[in-house]
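For reference, run_30.cif (mmCIF, C-alpha atoms and all ligand atoms):
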data_final
loop_
_atom_site.label_atom_id
_atom_site.label_comp_id
_atom_site.auth_asym_id
_atom_site.auth_seq_id
_atom_site.Cartn_x
_atom_site.Cartn_y
_atom_site.Cartn_z
CA MET A 1 50.91 -157.56 26.62
CA LYS A 2 49.13 -155.66 29.43
CA THR A 3 49.07 -151.91 28.75
CA GLN A 4 49.21 -149.57 31.71
CA LYS A 5 46.38 -147.08 32.19
CA ARG A 6 47.47 -143.51 31.45
CA LEU A 7 46.03 -141.09 34.01
CA GLY A 8 46.24 -137.32 33.58
CA ILE A 9 45.99 -134.82 36.43
CA LEU A 10 45.66 -131.03 36.32
CA THR A 11 45.08 -128.12 38.68
CA SER A 12 42.85 -125.29 37.46
CA GLY A 13 41.74 -121.85 38.70
CA GLY A 14 43.23 -119.90 41.60
CA ASP A 15 45.82 -121.86 43.54
CA CYS A 16 45.53 -122.69 47.23
CA PRO A 17 47.44 -124.70 49.83
CA GLY A 18 46.98 -128.48 49.60
CA LEU A 19 47.03 -128.90 45.80
CA ASN A 20 50.42 -130.59 45.87
CA ALA A 21 49.31 -132.89 48.68
CA ALA A 22 46.39 -133.98 46.47
CA ILE A 23 48.69 -134.54 43.49
CA ARG A 24 50.99 -136.62 45.70
CA ALA A 25 48.09 -138.77 46.92
CA VAL A 26 46.84 -139.40 43.38
CA VAL A 27 50.29 -140.33 42.08
CA SER A 28 51.04 -142.60 45.01
CA HIS A 29 47.74 -144.51 44.94
CA ALA A 30 47.61 -144.78 41.14
CA ILE A 31 51.13 -146.21 40.95
CA VAL A 32 51.40 -148.26 44.15
CA THR A 33 47.89 -149.76 44.14
CA TYR A 34 47.00 -149.87 40.44
CA ASP A 35 50.32 -149.72 38.60
CA TRP A 36 49.15 -146.91 36.30
CA GLN A 37 51.24 -144.22 34.65
CA VAL A 38 50.47 -140.67 35.81
CA PHE A 39 51.00 -137.52 33.76
CA GLY A 40 50.74 -133.99 35.10
CA ILE A 41 49.17 -131.54 32.66
CA PRO A 42 50.91 -128.15 33.02
CA TYR A 43 48.78 -125.02 33.36
CA ALA A 44 45.44 -126.83 33.25
CA THR A 45 43.73 -126.84 29.85
CA THR A 46 46.66 -124.93 28.31
CA GLY A 47 48.72 -128.11 28.75
CA LEU A 48 46.06 -130.15 26.94
CA LEU A 49 45.87 -127.57 24.16
CA GLU A 50 49.65 -127.64 23.74
CA LYS A 51 49.80 -131.45 24.19
CA LYS A 52 52.28 -131.15 27.06
CA THR A 53 52.74 -133.46 30.02
CA ILE A 54 55.04 -133.79 33.03
CA PRO A 55 55.64 -137.45 33.95
CA LEU A 56 54.86 -137.94 37.65
CA THR A 57 56.66 -140.81 39.34
CA LEU A 58 57.01 -142.03 42.91
CA HIS A 59 60.65 -141.05 42.76
CA GLY A 60 59.68 -137.52 41.70
CA MET A 61 57.42 -137.19 44.76
CA ASP A 62 60.26 -138.05 47.05
CA LEU A 63 63.39 -136.12 47.94
CA ARG A 64 65.87 -138.27 49.85
CA GLY A 65 63.01 -139.96 51.66
CA MET A 66 61.20 -136.70 52.41
CA ASN A 67 57.90 -135.72 50.90
CA PRO A 68 58.14 -132.04 50.03
CA LEU A 69 54.84 -132.11 48.12
CA LEU A 70 52.89 -132.84 51.27
CA ASN A 71 53.67 -129.48 52.80
CA MET A 72 54.39 -127.32 49.77
CA GLY A 73 51.92 -124.53 48.90
CA GLY A 74 50.89 -123.65 45.34
CA THR A 75 50.85 -126.27 42.59
CA ILE A 76 53.84 -127.89 40.90
CA LEU A 77 51.70 -128.22 37.77
CA GLY A 78 50.92 -124.51 37.46
CA SER A 79 47.40 -123.22 36.94
CA ILE A 80 45.40 -120.73 34.91
CA ASN A 81 42.60 -118.47 36.02
CA LYS A 82 41.15 -117.04 32.80
CA GLY A 83 37.85 -117.46 31.08
CA ASP A 84 38.51 -118.06 27.35
CA THR A 85 39.08 -121.84 27.59
CA LEU A 86 35.81 -122.84 25.94
CA ALA A 87 36.74 -120.85 22.81
CA HIS A 88 39.35 -123.60 22.21
CA ILE A 89 37.22 -126.59 23.06
CA ASP A 90 37.98 -128.58 19.87
CA GLU A 91 41.75 -128.08 20.16
CA ILE A 92 41.69 -129.07 23.84
CA ILE A 93 39.76 -132.25 23.05
CA ALA A 94 42.20 -133.02 20.19
CA GLY A 95 45.10 -132.43 22.61
CA TYR A 96 43.64 -134.87 25.15
CA GLN A 97 43.32 -137.52 22.43
CA ALA A 98 46.86 -136.91 21.18
CA LEU A 99 48.19 -137.49 24.69
CA GLU A 100 46.41 -140.88 24.69
CA LEU A 101 45.06 -140.40 28.19
CA ASP A 102 42.58 -142.97 29.54
CA ALA A 103 41.22 -140.76 32.32
CA LEU A 104 41.67 -137.35 33.88
CA ILE A 105 41.51 -135.96 37.42
CA GLY A 106 40.88 -132.21 37.62
CA ILE A 107 41.41 -130.25 40.82
CA GLY A 108 39.43 -127.03 40.69
CA GLY A 109 36.86 -124.68 42.19
CA ASP A 110 33.40 -123.74 41.06
CA GLY A 111 34.43 -121.94 37.81
CA SER A 112 37.01 -124.51 36.69
CA LEU A 113 34.73 -127.45 37.40
CA THR A 114 32.06 -125.90 35.17
CA ILE A 115 34.53 -125.68 32.29
CA LEU A 116 35.96 -129.16 32.90
CA GLU A 117 32.44 -130.62 33.04
CA GLU A 118 31.70 -129.26 29.60
CA LEU A 119 35.03 -130.43 28.19
CA HIS A 120 34.82 -133.97 29.51
CA SER A 121 31.25 -134.48 28.31
CA GLU A 122 32.06 -133.08 24.84
CA GLY A 123 35.27 -135.14 24.65
CA ASN A 124 33.74 -138.21 26.30
CA TRP A 125 36.61 -138.44 28.79
CA GLN A 126 36.56 -140.48 31.97
CA PHE A 127 36.76 -137.61 34.44
CA ILE A 128 36.75 -137.17 38.23
CA ALA A 129 36.98 -133.82 40.05
CA ILE A 130 38.56 -132.84 43.37
CA PRO A 131 37.16 -129.60 44.87
CA LYS A 132 39.49 -126.87 46.07
CA THR A 133 39.09 -123.16 46.82
CA ILE A 134 39.74 -120.78 49.67
CA ASP A 135 36.17 -119.53 49.11
CA ASN A 136 34.64 -122.85 50.27
CA ASP A 137 31.73 -122.31 47.89
CA VAL A 138 31.51 -125.67 46.09
CA ALA A 139 28.13 -127.32 46.62
CA PHE A 140 27.53 -130.83 48.04
CA THR A 141 30.78 -130.95 50.00
CA GLU A 142 31.31 -129.80 53.57
CA LYS A 143 35.03 -129.32 52.98
CA VAL A 144 37.27 -128.31 50.09
CA VAL A 145 41.05 -128.34 49.78
CA GLY A 146 42.64 -125.00 50.73
CA PHE A 147 39.92 -123.48 52.89
CA ASP A 148 41.20 -124.62 56.28
CA THR A 149 44.66 -123.16 55.67
CA ALA A 150 43.18 -119.86 54.46
CA VAL A 151 41.02 -119.59 57.61
CA ASN A 152 44.12 -120.17 59.72
CA THR A 153 46.09 -117.60 57.73
CA VAL A 154 43.42 -114.95 58.31
CA VAL A 155 43.16 -115.85 62.01
CA GLU A 156 46.93 -115.52 62.34
CA ALA A 157 46.72 -112.05 60.75
CA LEU A 158 43.87 -111.10 63.10
CA ASN A 159 45.92 -112.21 66.11
CA ARG A 160 48.70 -109.89 65.07
CA LEU A 161 46.46 -106.99 64.11
CA THR A 162 44.53 -107.19 67.38
CA PHE A 163 47.66 -106.47 69.41
CA THR A 164 48.60 -103.43 67.39
CA ALA A 165 44.97 -102.19 67.24
CA ALA A 166 44.65 -102.50 71.02
CA SER A 167 47.95 -100.73 71.65
CA HIS A 168 46.82 -97.66 69.71
CA ASP A 169 43.06 -97.76 70.37
CA ARG A 170 42.49 -98.16 66.64
CA VAL A 171 39.86 -99.64 64.41
CA MET A 172 41.52 -102.18 62.14
CA ILE A 173 39.70 -102.99 58.91
CA VAL A 174 40.83 -106.34 57.50
CA GLU A 175 39.77 -107.08 53.92
CA VAL A 176 39.71 -110.76 53.02
CA MET A 177 38.96 -112.63 49.79
CA GLY A 178 35.43 -113.68 48.88
CA ARG A 179 33.71 -112.02 45.95
CA SER A 180 30.36 -113.72 46.38
CA ALA A 181 30.79 -116.13 49.30
CA GLY A 182 31.49 -115.02 52.86
CA HIS A 183 32.56 -118.35 54.40
CA LEU A 184 36.18 -117.26 54.82
CA ALA A 185 35.30 -113.91 56.42
CA LEU A 186 32.67 -115.49 58.68
CA GLN A 187 34.73 -118.41 59.96
CA ALA A 188 38.01 -116.52 60.31
CA GLY A 189 36.18 -113.55 61.84
CA ILE A 190 34.60 -115.68 64.56
CA ALA A 191 37.80 -117.64 65.24
CA GLY A 192 39.90 -114.47 65.19
CA GLY A 193 37.72 -112.42 67.55
CA ALA A 194 36.34 -109.80 65.12
CA ASP A 195 33.80 -107.20 66.26
CA CYS A 196 32.14 -106.86 62.84
CA ILE A 197 32.02 -109.41 60.01
CA LEU A 198 30.75 -108.06 56.69
CA ILE A 199 29.95 -110.70 54.07
CA PRO A 200 28.46 -110.55 50.56
CA GLU A 201 25.33 -112.47 51.58
CA ILE A 202 24.12 -110.00 54.26
CA PRO A 203 24.15 -106.29 53.33
CA TYR A 204 25.79 -104.24 56.03
CA SER A 205 24.79 -100.82 57.27
CA ILE A 206 27.52 -98.19 57.61
CA LYS A 207 25.56 -96.61 60.43
CA GLY A 208 25.20 -100.05 61.97
CA VAL A 209 28.96 -100.69 61.93
CA CYS A 210 29.69 -97.22 63.35
CA SER A 211 27.19 -97.41 66.14
CA HIS A 212 28.36 -100.93 67.02
CA LEU A 213 31.97 -99.74 67.32
CA GLN A 214 30.83 -96.69 69.28
CA GLU A 215 28.77 -98.85 71.61
CA LEU A 216 31.72 -101.13 72.31
CA ARG A 217 33.82 -98.07 73.08
CA ASP A 218 31.31 -96.12 75.17
CA ASN A 219 29.54 -98.82 77.09
CA TRP A 220 31.85 -101.78 77.28
CA GLY A 221 35.29 -100.26 77.56
CA ARG A 222 36.51 -101.77 74.34
CA ARG A 223 38.65 -98.98 72.85
CA PHE A 224 39.73 -100.73 69.65
CA GLY A 225 37.80 -102.55 66.95
CA ILE A 226 38.41 -105.34 64.44
CA VAL A 227 36.26 -105.30 61.30
CA VAL A 228 36.62 -108.25 58.90
CA VAL A 229 35.19 -107.39 55.50
CA ALA A 230 34.93 -109.71 52.48
CA GLU A 231 36.03 -108.08 49.23
CA GLY A 232 32.50 -108.58 47.84
CA ALA A 233 30.56 -107.31 50.89
CA GLN A 234 27.36 -105.41 50.07
CA VAL A 235 26.38 -102.06 51.51
CA ALA A 236 22.70 -101.78 52.43
CA GLU A 237 20.75 -99.10 50.51
CA ASP A 238 19.62 -96.97 53.43
CA SER A 239 22.80 -97.10 55.46
CA CYS A 240 24.75 -93.97 54.48
CA CYS A 241 25.85 -91.45 57.08
CA HIS A 242 26.39 -88.43 54.87
CA THR A 243 25.21 -87.05 51.55
CA GLU A 244 28.30 -87.83 49.41
CA CYS A 245 28.28 -91.47 50.43
CA LYS A 246 27.82 -93.79 47.43
CA ILE A 247 26.74 -97.36 47.79
CA GLU A 248 27.75 -98.70 44.37
CA LYS A 249 30.74 -101.04 44.17
CA PRO A 250 33.74 -98.98 45.33
CA SER A 251 36.78 -98.80 43.04
CA CYS A 252 39.10 -98.39 46.05
CA GLY A 253 38.30 -101.86 47.46
CA MET A 254 35.76 -102.67 50.13
CA GLY A 255 38.23 -102.31 53.03
CA GLN A 256 39.24 -98.78 52.09
CA TYR A 257 35.62 -97.87 51.34
CA ILE A 258 34.33 -98.89 54.75
CA ALA A 259 37.30 -97.14 56.39
CA ASN A 260 36.41 -93.88 54.60
CA GLU A 261 32.76 -94.20 55.52
CA ILE A 262 33.43 -94.98 59.19
CA ARG A 263 35.77 -92.01 59.29
CA ASN A 264 33.02 -89.74 57.94
CA CYS A 265 30.39 -91.26 60.12
CA SER A 266 32.44 -90.83 63.28
CA HIS A 267 33.45 -87.24 62.32
CA ASN A 268 37.09 -88.36 62.34
CA GLN A 269 36.84 -89.45 65.95
CA LEU A 270 38.08 -92.97 65.23
CA ASP A 271 41.67 -93.76 64.28
CA ILE A 272 41.37 -96.31 61.46
CA ARG A 273 43.84 -98.47 59.54
CA VAL A 274 43.21 -100.88 56.65
CA SER A 275 44.96 -104.19 55.93
CA VAL A 276 44.16 -105.98 52.67
CA LEU A 277 45.34 -109.57 53.08
CA GLY A 278 45.07 -110.36 49.34
CA HIS A 279 47.00 -113.30 47.95
CA ILE A 280 48.68 -114.01 51.29
CA GLN A 281 45.47 -115.99 51.88
CA ARG A 282 46.17 -118.22 48.89
CA GLY A 283 49.80 -119.00 49.67
CA GLY A 284 51.50 -120.78 52.51
CA ILE A 285 52.08 -124.21 53.91
CA PRO A 286 48.91 -126.35 53.99
CA SER A 287 47.39 -127.00 57.40
CA ALA A 288 47.14 -130.54 58.77
CA GLY A 289 43.41 -130.46 57.93
CA ASP A 290 44.08 -129.61 54.29
CA ARG A 291 46.80 -132.26 53.98
CA LEU A 292 44.44 -134.90 55.33
CA LEU A 293 41.58 -133.82 53.12
CA ALA A 294 43.79 -133.62 50.02
CA SER A 295 45.17 -137.10 50.73
CA ALA A 296 41.70 -138.62 51.24
CA PHE A 297 40.29 -136.88 48.16
CA GLY A 298 43.27 -137.98 46.02
CA LYS A 299 42.87 -141.62 47.03
CA ALA A 300 39.09 -141.55 46.53
CA ALA A 301 39.40 -139.96 43.08
CA VAL A 302 41.77 -142.71 41.92
CA ASP A 303 39.46 -145.41 43.31
CA LEU A 304 36.49 -143.92 41.42
CA ILE A 305 38.51 -144.04 38.18
CA ALA A 306 39.49 -147.66 38.92
CA ARG A 307 35.81 -148.55 39.36
CA GLY A 308 35.07 -147.09 35.92
CA GLU A 309 33.11 -144.14 37.29
CA THR A 310 33.03 -140.77 35.55
CA ALA A 311 31.50 -137.28 35.78
CA LYS A 312 31.76 -137.29 39.57
CA MET A 313 33.31 -135.05 42.20
CA VAL A 314 34.75 -136.41 45.42
CA ALA A 315 33.06 -134.75 48.37
CA TRP A 316 33.21 -134.72 52.16
CA GLN A 317 29.83 -135.55 53.65
CA ASN A 318 29.14 -136.62 57.23
CA GLY A 319 32.71 -137.62 57.90
CA GLN A 320 33.06 -139.72 54.74
CA VAL A 321 34.41 -139.19 51.24
CA VAL A 322 31.72 -139.87 48.64
CA GLY A 323 31.33 -139.34 44.89
CA VAL A 324 28.59 -136.91 43.78
CA PRO A 325 27.47 -136.24 40.20
CA LEU A 326 29.47 -133.29 38.91
CA LYS A 327 26.51 -131.84 37.02
CA LYS A 328 24.53 -131.61 40.26
CA VAL A 329 27.43 -129.80 41.95
CA ILE A 330 27.73 -127.26 39.16
CA ASN A 331 24.02 -126.53 39.11
CA LYS A 332 24.09 -125.75 42.85
CA SER A 333 27.41 -123.82 43.05
CA PRO A 334 28.48 -121.33 44.26
CA SER A 335 27.27 -122.38 47.65
CA LEU A 336 26.87 -119.19 49.71
CA VAL A 337 26.46 -118.54 53.43
CA LYS A 338 22.80 -119.14 54.18
CA LEU A 339 21.02 -116.75 56.49
CA ASP A 340 20.05 -119.60 58.79
CA ASN A 341 23.68 -120.81 58.97
CA PHE A 342 24.43 -121.70 62.58
CA LEU A 343 27.63 -119.67 62.46
CA ILE A 344 25.64 -116.47 61.84
CA GLU A 345 23.76 -117.11 65.07
CA THR A 346 27.05 -118.03 66.74
CA ALA A 347 28.59 -114.72 65.69
CA GLN A 348 25.57 -112.83 66.97
CA SER A 349 25.69 -114.71 70.25
CA LEU A 350 29.25 -113.47 70.66
CA GLY A 351 28.16 -109.89 70.13
CA ILE A 352 29.59 -109.63 66.61
CA TYR A 353 27.87 -107.31 64.11
CA VAL A 354 27.18 -109.42 60.97
CA GLY A 355 25.09 -107.10 58.88
CA LYS A 356 21.77 -105.41 59.19
CA GLN A 357 20.28 -108.11 61.34
CA GLY A 358 23.12 -108.43 63.84
CA ARG A 359 22.98 -105.51 66.28
CA ILE A 360 24.74 -106.08 69.56
CA SER A 361 22.13 -104.08 71.47
CA ARG A 362 19.44 -106.51 70.36
CA LEU A 363 21.56 -109.26 71.81
CA LYS A 364 22.02 -107.41 75.06
CA ASP A 365 18.25 -106.99 75.28
CA SER A 366 17.59 -110.63 74.62
CA LEU A 367 20.32 -112.00 76.90
CA GLY A 368 19.95 -109.41 79.63
CA SER A 369 23.73 -109.46 80.14
CA LEU A 370 26.97 -108.78 78.32
CA PRO A 371 28.34 -111.33 75.83
CA LEU A 372 31.48 -113.31 76.53
CA GLY A 373 34.70 -111.39 76.43
CA TYR A 374 33.25 -108.01 77.43
CA SER A 375 33.39 -106.72 80.95
O1 LIG B 401 38.32 -117.84 43.77
C1 LIG B 401 39.27 -117.66 44.75
C2 LIG B 401 39.70 -116.26 44.86
O2 LIG B 401 40.65 -116.34 45.85
C3 LIG B 401 38.66 -115.18 45.17
O3 LIG B 401 38.23 -115.13 46.48
C4 LIG B 401 39.38 -113.92 44.71
O4 LIG B 401 38.50 -112.88 44.44
C5 LIG B 401 40.08 -114.41 43.50
O5 LIG B 401 40.35 -115.78 43.70
C6 LIG B 401 41.33 -113.67 43.11
O6 LIG B 401 41.82 -114.23 41.94
P1 LIG B 401 43.12 -113.75 41.15
O7 LIG B 401 44.21 -114.67 41.55
O8 LIG B 401 42.76 -113.92 39.72
O9 LIG B 401 43.41 -112.35 41.54
#
Take the structure I supplied and represent it as structure tokens, if you would.
Amino acid sequence: MKTQKRLGILTSGGDCPGLNAAIRAVVSHAIVTYDWQVFGIPYATTGLLEKKTIPLTLHGMDLRGMNPLLNMGGTILGSINKGDTLAHIDEIIAGYQALELDALIGIGGDGSLTILEELHSEGNWQFIAIPKTIDNDVAFTEKVVGFDTAVNTVVEALNRLTFTAASHDRVMIVEVMGRSAGHLALQAGIAGGADCILIPEIPYSIKGVCSHLQELRDNWGRRFGIVVVAEGAQVAEDSCCHTECKIEKPSCGMGQYIANEIRNCSHNQLDIRVSVLGHIQRGGIPSAGDRLLASAFGKAAVDLIARGETAKMVAWQNGQVVGVPLKKVINKSPSLVKLDNFLIETAQSLGIYVGKQGRISRLKDSLGSLPLGYS
């Protein structure tokens, strides 16, 4: 008698939009094309440890002919975001064996993929990874599930905040996620029309931010300002405006810190408000881009399993989905914004301050005219 392959799937680490679309694609392709059984593992490795599964069927993906999973944020499987998993490595491997799984697909970011890589090689599991994270910091892939929606969410917030900032001639500080990678701040900042984008990779100068805002106000008639700051942005050593200024990691959050410093620097001349977008960036309905990517990644992951491949991550490279060795990905992640990234130059060309190297006046000197959008 032919036995059906038993495929497990889990989501690990911080959630993001598009996880359910990836689960849907895996379930559909595994059942329709290969006639496998698919089991969701609740709460990532906790589910393996506790030997729990959620049967995933085509019928379960479908609600009266509709596909709610395609556009539902979060993850129906639940997730965990804590670091003590490897303390239970033997129990997790025993749990996987007890569930009699033939292969596993893990959807995770940089941290989760590192843990899952260790688990699958210790347990000798057939394992394929799908990258996801709103930080977009997984190496060897140009796209990850969740990032596109998060960029759109931040841009939507910037659209709204720009109107209110302009109405009151205010400086709006918008703190976004990104502890070590600034991709989200950089891309959303450019697309959302920010005046300053402060990312972890390029230390910013408080004096630099203040004089940039002042310059926009005095010389170019721009009476409000939008500053996008990543939660992990770094303050440059020599950038303080006053003696009490401290440059170590602020306990109040980077948005509030820069607001306080600009206030001091400008001698309370600027009216400043802070918006911390927080987990709003992780929730929401996945964008069309994330649904497409999640669907393509889900299909590709199942095909890799069918071909007997293991220890690979599906990745988007040059318009194609490919499989790359997971070990290689882990050794190169997190993938940060490089200083020669074309988007840094793009931001500068638009007159955006992006850290110590991005002064608008330098741009004015080199272009001999005002950047787009300023008159
Ligand atoms: O890794 C994604 C991320 O969104 C980071 O940018 C952020 O610092 C972190 O997750 C927040 O995680 P938590 O949900 O544990 O607060």
**Report entry** Close residues to ligand LIG 401 (chain B) using all atoms listed in the file, limit 6 Å, as number ranges by chain
**Finding:** A: 14, 81, 133-135, 177-179
Report task. To one decimal in Å, tell me the separation between atom CA of A:Ile76 and atom CA of A:Pro42. Result ->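 Interatomic distance here is 8.4 Å.
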Requested in this report: For atom CA of A:Arg273 and atom CA of A:Ser180, quote the distance in Å rounded to one decimal.
Outcome: 24.2 Å
Requested in this report: With a distance cut-off of 8 Å and only C-alpha atoms, select the neighbouring residues of A:Val154, excluding the residue or stretch itself and same-chain residues fewer than 2 positions from it, and output the selection as a list of chain:residue names.
Outcome: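 Counting only the stated atoms, we get A:Ala150, A:Val151, A:Asn152, A:Glu156, A:Ala157, A:Leu158, A:Val176, A:Ala188, A:Gly192, A:Leu277, A:Gln281.
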Write to file, as a short mmCIF file (atom, residue, chain, number, x, y, z; two decimals), in the frame of the given file, the residues of the selection just made, with C-alpha atoms.
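Below you can see result_3.cif, which holds the result:
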data_model
loop_
_atom_site.label_atom_id
_atom_site.label_comp_id
_atom_site.auth_asym_id
_atom_site.auth_seq_id
_atom_site.Cartn_x
_atom_site.Cartn_y
_atom_site.Cartn_z
CA ALA A 150 43.18 -119.86 54.46
CA VAL A 151 41.02 -119.59 57.61
CA ASN A 152 44.12 -120.17 59.72
CA GLU A 156 46.93 -115.52 62.34
CA ALA A 157 46.72 -112.05 60.75
CA LEU A 158 43.87 -111.10 63.10
CA VAL A 176 39.71 -110.76 53.02
CA ALA A 188 38.01 -116.52 60.31
CA GLY A 192 39.90 -114.47 65.19
CA LEU A 277 45.34 -109.57 53.08
CA GLN A 281 45.47 -115.99 51.88
#
Query - A:Leu116, A:Leu48, A:Ala347, A:Ile130 ranked by distance to A:Ile93, top pick (using all atoms listed in the file) - result: A:Leu48
Query - Residues near A:Gly106, cut-off 12 Å, all atoms listed in the file, skip fewer than 6 positions along chain, as an MDAnalysis selection string - result: chainID A and resid 7:13 19 22:23 26 40:45 77 79 112:117 119:120 125:132 297:298 301:302 310:314 326
Report task. For atom CA of A:Glu118 and atom CA of A:Lys327, quote the distance in Å rounded to one decimal. Result ->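 Separation between atom CA of A:Glu118 and atom CA of A:Lys327: 9.4 Å.
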Query raised in the report: Which one of A:Val138, A:Glu175, A:Thr46, A:Asp238 sits closest to A:Asp84 if you count all atoms listed in the file?
Result: A:Thr46
Report task. Go through A:Ala306, A:Gly225, A:Ile262, A:Gln256 one by one, measure the shortest atom-to-atom distance of each to A:Trp36 using only C-alpha atoms, and give the residue with the smallest value. Result ->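 Using only C-alpha atoms, A:Trp36 sits closest to A:Ala306.
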Report task. Give me the residues within 10 Å of A:Val354 as number ranges by chain, counting all atoms listed in the file and dropping any in the same chain fewer than 3 places off. Result -> A: 186, 189, 195-199, 202-205, 208-209, 227-229, 344-345, 347-348, 351, 357-360
Contact check, stretch 203-264 of chain A to stretch 165-174 of chain A, at most 12 Å, counting only C-alpha atoms, closest pairs as a tab-separated table:
residue	atom	partner	partner_atom	distance
A:Val209	CA	A:Val171	CA	11.2
A:Cys210	CA	A:Val171	CA	10.5
A:His212	CA	A:Val171	CA	11.9
A:Leu213	CA	A:Val171	CA	8.4
A:Gln214	CA	A:Val171	CA	10.7
A:Leu216	CA	A:Val171	CA	11.4
A:Arg217	CA	A:Asp169	CA	9.6
A:Gly221	CA	A:Asp169	CA	10.9
A:Arg222	CA	A:Asp169	CA	8.6
A:Arg223	CA	A:Asp169	CA	5.2
A:Phe224	CA	A:Asp169	CA	4.5
A:Gly225	CA	A:Val171	CA	4.4
A:Ile226	CA	A:Met172	CA	5.0
A:Val227	CA	A:Ile173	CA	4.8
A:Val228	CA	A:Val174	CA	4.8
A:Val229	CA	A:Val174	CA	6.1
A:Ala230	CA	A:Val174	CA	8.4
A:Glu231	CA	A:Val174	CA	9.7
A:Gly253	CA	A:Val174	CA	11.3
A:Met254	CA	A:Ile173	CA	9.6
A:Gly255	CA	A:Ile173	CA	6.1
A:Gln256	CA	A:Ile173	CA	8.0
A:Tyr257	CA	A:Ile173	CA	10.0
A:Ile258	CA	A:Ile173	CA	7.9
A:Ala259	CA	A:Ile173	CA	6.8
A:Asn260	CA	A:Ile173	CA	10.6
A:Glu261	CA	A:Ile173	CA	11.7
A:Ile262	CA	A:Val171	CA	9.5
A:Arg263	CA	A:Val171	CA	10.1
Requested in this report: Could you give me, as a list in words, the residues within 12 Å of A:Leu70, counting all atoms listed in the file and dropping anything in the same chain fewer than 4 positions from it?
Outcome: Pro17, Gly18, Leu19, Asn20, Ala21, Ala22, Ile23, Arg24, Ala25, Val26, Ser28, Met61, Asp62, Leu63, Met66, Gly74, Thr75, Ile76, Ile285, Pro286, Ser287, Ala288, Gly289, Asp290, Arg291, Leu292, Leu293, Ala294 and Ser295 of chain A
